[in-house]
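Notes follow the structure.
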Amino acid sequence: MHPRPVPSIRPRRDEDVPELARLLIEQQPTSGYSYRNPLPFPPQEFVRREGELAAFVAERDGELLGHVAVVSARRPQDGPAGEVERAYAMYPRLGWVEVGRARPSWLQPAAPDVIAMILPDTT
């Protein structure tokens, strides 16, 4: 038996956005994320948000597995960034569990920790 390759993290590229938008829509019925379905704008705009500080993807053997975008959570906003803030507030109610926090070197001193969460398999 061959072990599965370890996923890697890299900066998101423009050509990743269509596939990430497809993955967002595909996983929504299972995870409840984004909590608005359908979104009131194209899913590509949810993936690529105005005012992003950084964006990364996880991939394994060239297959995209996930995405994270870093935005300021301290500035109330309308649109996709505001959606992220409101969605984060409801993660625990949907069963998501915090599994870690980090303070990457690029994070501004006043910024909150980056929080990692998972949705445990309930099947």
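The way I read the labels, and the way they are meant: chains A, B, ... in the order of the structure tokens, residue 1 as the first residue of every chain, and ligand 1 as the first ligand shown, with later ones counted on from there.
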
Task: All residues 9 Å or closer to Val97 (chain A), only C-alpha atoms, same chain fewer than 3 positions away omitted, as number ranges by chain - done: A: 91-92, 116-120

- [ ] Mind giving me the straight-line distance from CA of Leu107 (chain A) to CA of Arg13 (chain A) in Å, one decimal?
- [x]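 Going from CA of Leu107 (chain A) over to CA of Arg13 (chain A), I get 20.4 Å.
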
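Nearest to Arg48 (chain A) of all the residues A:Pro18, A:Gly66, A:Pro3, A:Gly95 is A:Pro18, counting only C-alpha atoms.
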
Open item on the list: Would you compute the distance between CA of His67 (chain A) and CA of Leu20 (chain A)? Give it in Å to one decimal.
Closed with: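 Distance reported for this atom pair: 7.2 Å.
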
Open item on the list: When DSSP is applied to the backbone of this structure, which of chain A are assigned helix (DSSP H, G or I)? Write them out as a PyMOL selection string.
Closed with: chain A and resi 14-31+43-47+80-90+92-94

TODO: Extract, using only C-alpha atoms, all DNA, RNA and protein residues at most 12 Å from Asp14 (chain A), discarding same-chain residues fewer than 2 positions from it, and format them as a list of chain:residue names.
DONE: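 Selected residues are A:Pro11, A:Arg12, A:Asp16, A:Val17, A:Pro18, A:Glu19, A:Leu20, A:Ala21, A:Gln44, A:Val47, A:Arg48, A:Ala55, A:Phe56, A:Val57.
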
Output file for the selection above: N, CA and C atoms, as a PDB file, in the first residue's frame:
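Result file is again.pdb:
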```
ATOM      1  N   PRO A  11       0.473  29.937  -2.056  1.00  0.00           N
ATOM      2  CA  PRO A  11      -0.383  31.094  -2.344  1.00  0.00           C
ATOM      3  C   PRO A  11      -1.390  30.769  -3.450  1.00  0.00           C
ATOM      4  N   ARG A  12      -2.584  31.296  -3.325  1.00  0.00           N
ATOM      5  CA  ARG A  12      -3.612  31.097  -4.354  1.00  0.00           C
ATOM      6  C   ARG A  12      -3.206  31.850  -5.618  1.00  0.00           C
ATOM      7  N   ASP A  16      -6.700  29.371  -9.972  1.00  0.00           N
ATOM      8  CA  ASP A  16      -7.323  28.483  -8.976  1.00  0.00           C
ATOM      9  C   ASP A  16      -8.778  28.855  -8.700  1.00  0.00           C
ATOM     10  N   VAL A  17      -9.142  30.104  -8.926  1.00  0.00           N
ATOM     11  CA  VAL A  17     -10.443  30.613  -8.486  1.00  0.00           C
ATOM     12  C   VAL A  17     -11.634  29.841  -9.062  1.00  0.00           C
ATOM     13  N   PRO A  18     -11.699  29.523 -10.347  1.00  0.00           N
ATOM     14  CA  PRO A  18     -12.869  28.778 -10.840  1.00  0.00           C
ATOM     15  C   PRO A  18     -13.061  27.424 -10.147  1.00  0.00           C
ATOM     16  N   GLU A  19     -11.976  26.689  -9.939  1.00  0.00           N
ATOM     17  CA  GLU A  19     -12.088  25.386  -9.270  1.00  0.00           C
ATOM     18  C   GLU A  19     -12.467  25.562  -7.802  1.00  0.00           C
ATOM     19  N   LEU A  20     -11.931  26.568  -7.141  1.00  0.00           N
ATOM     20  CA  LEU A  20     -12.293  26.824  -5.747  1.00  0.00           C
ATOM     21  C   LEU A  20     -13.764  27.216  -5.629  1.00  0.00           C
ATOM     22  N   ALA A  21     -14.256  27.971  -6.588  1.00  0.00           N
ATOM     23  CA  ALA A  21     -15.681  28.333  -6.590  1.00  0.00           C
ATOM     24  C   ALA A  21     -16.540  27.082  -6.771  1.00  0.00           C
ATOM     25  N   GLN A  44     -17.228  32.976  -7.285  1.00  0.00           N
ATOM     26  CA  GLN A  44     -15.851  33.445  -7.481  1.00  0.00           C
ATOM     27  C   GLN A  44     -15.579  34.684  -6.627  1.00  0.00           C
ATOM     28  N   VAL A  47     -14.798  33.546  -3.129  1.00  0.00           N
ATOM     29  CA  VAL A  47     -13.439  33.010  -3.031  1.00  0.00           C
ATOM     30  C   VAL A  47     -12.415  34.130  -3.060  1.00  0.00           C
ATOM     31  N   ARG A  48     -12.573  35.073  -3.984  1.00  0.00           N
ATOM     32  CA  ARG A  48     -11.624  36.181  -4.129  1.00  0.00           C
ATOM     33  C   ARG A  48     -12.308  37.443  -3.604  1.00  0.00           C
ATOM     34  N   ALA A  55      -4.067  35.005   0.516  1.00  0.00           N
ATOM     35  CA  ALA A  55      -4.930  33.867   0.196  1.00  0.00           C
ATOM     36  C   ALA A  55      -4.052  32.670  -0.140  1.00  0.00           C
ATOM     37  N   PHE A  56      -4.465  31.494   0.360  1.00  0.00           N
ATOM     38  CA  PHE A  56      -3.685  30.278   0.187  1.00  0.00           C
ATOM     39  C   PHE A  56      -4.601  29.125  -0.188  1.00  0.00           C
ATOM     40  N   VAL A  57      -4.025  28.117  -0.832  1.00  0.00           N
ATOM     41  CA  VAL A  57      -4.753  26.886  -1.143  1.00  0.00           C
ATOM     42  C   VAL A  57      -3.976  25.701  -0.589  1.00  0.00           C
TER      43      VAL A  57
END
```

Task: Contact residues around Glu45 (chain A) with only C-alpha atoms at 9 Å, ignoring same-chain residues under 4 positions, as a count of residues only - done: 5

TODO: Please run DSSP on the backbone and report, as an NGL selection string, all residues within chain A that come out as strand (DSSP E).
DONE: :A and (8-11 or 54-60 or 63-70 or 97-102 or 114-118)

TODO: Grab the CA of Asp61 (chain A) to CA of Ser8 (chain A) distance for me, in Å with one decimal place.
DONE: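 Spanning CA of Asp61 (chain A) to CA of Ser8 (chain A) is a straight-line distance of 8.8 Å.
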
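Residues in contact range of Asn37 (chain A), defined as at most 9 Å between only C-alpha atoms, with sequence neighbours fewer than 4 positions away removed, read A:Ile25, A:Gln28, A:Pro29, A:Gly32, A:Tyr33.
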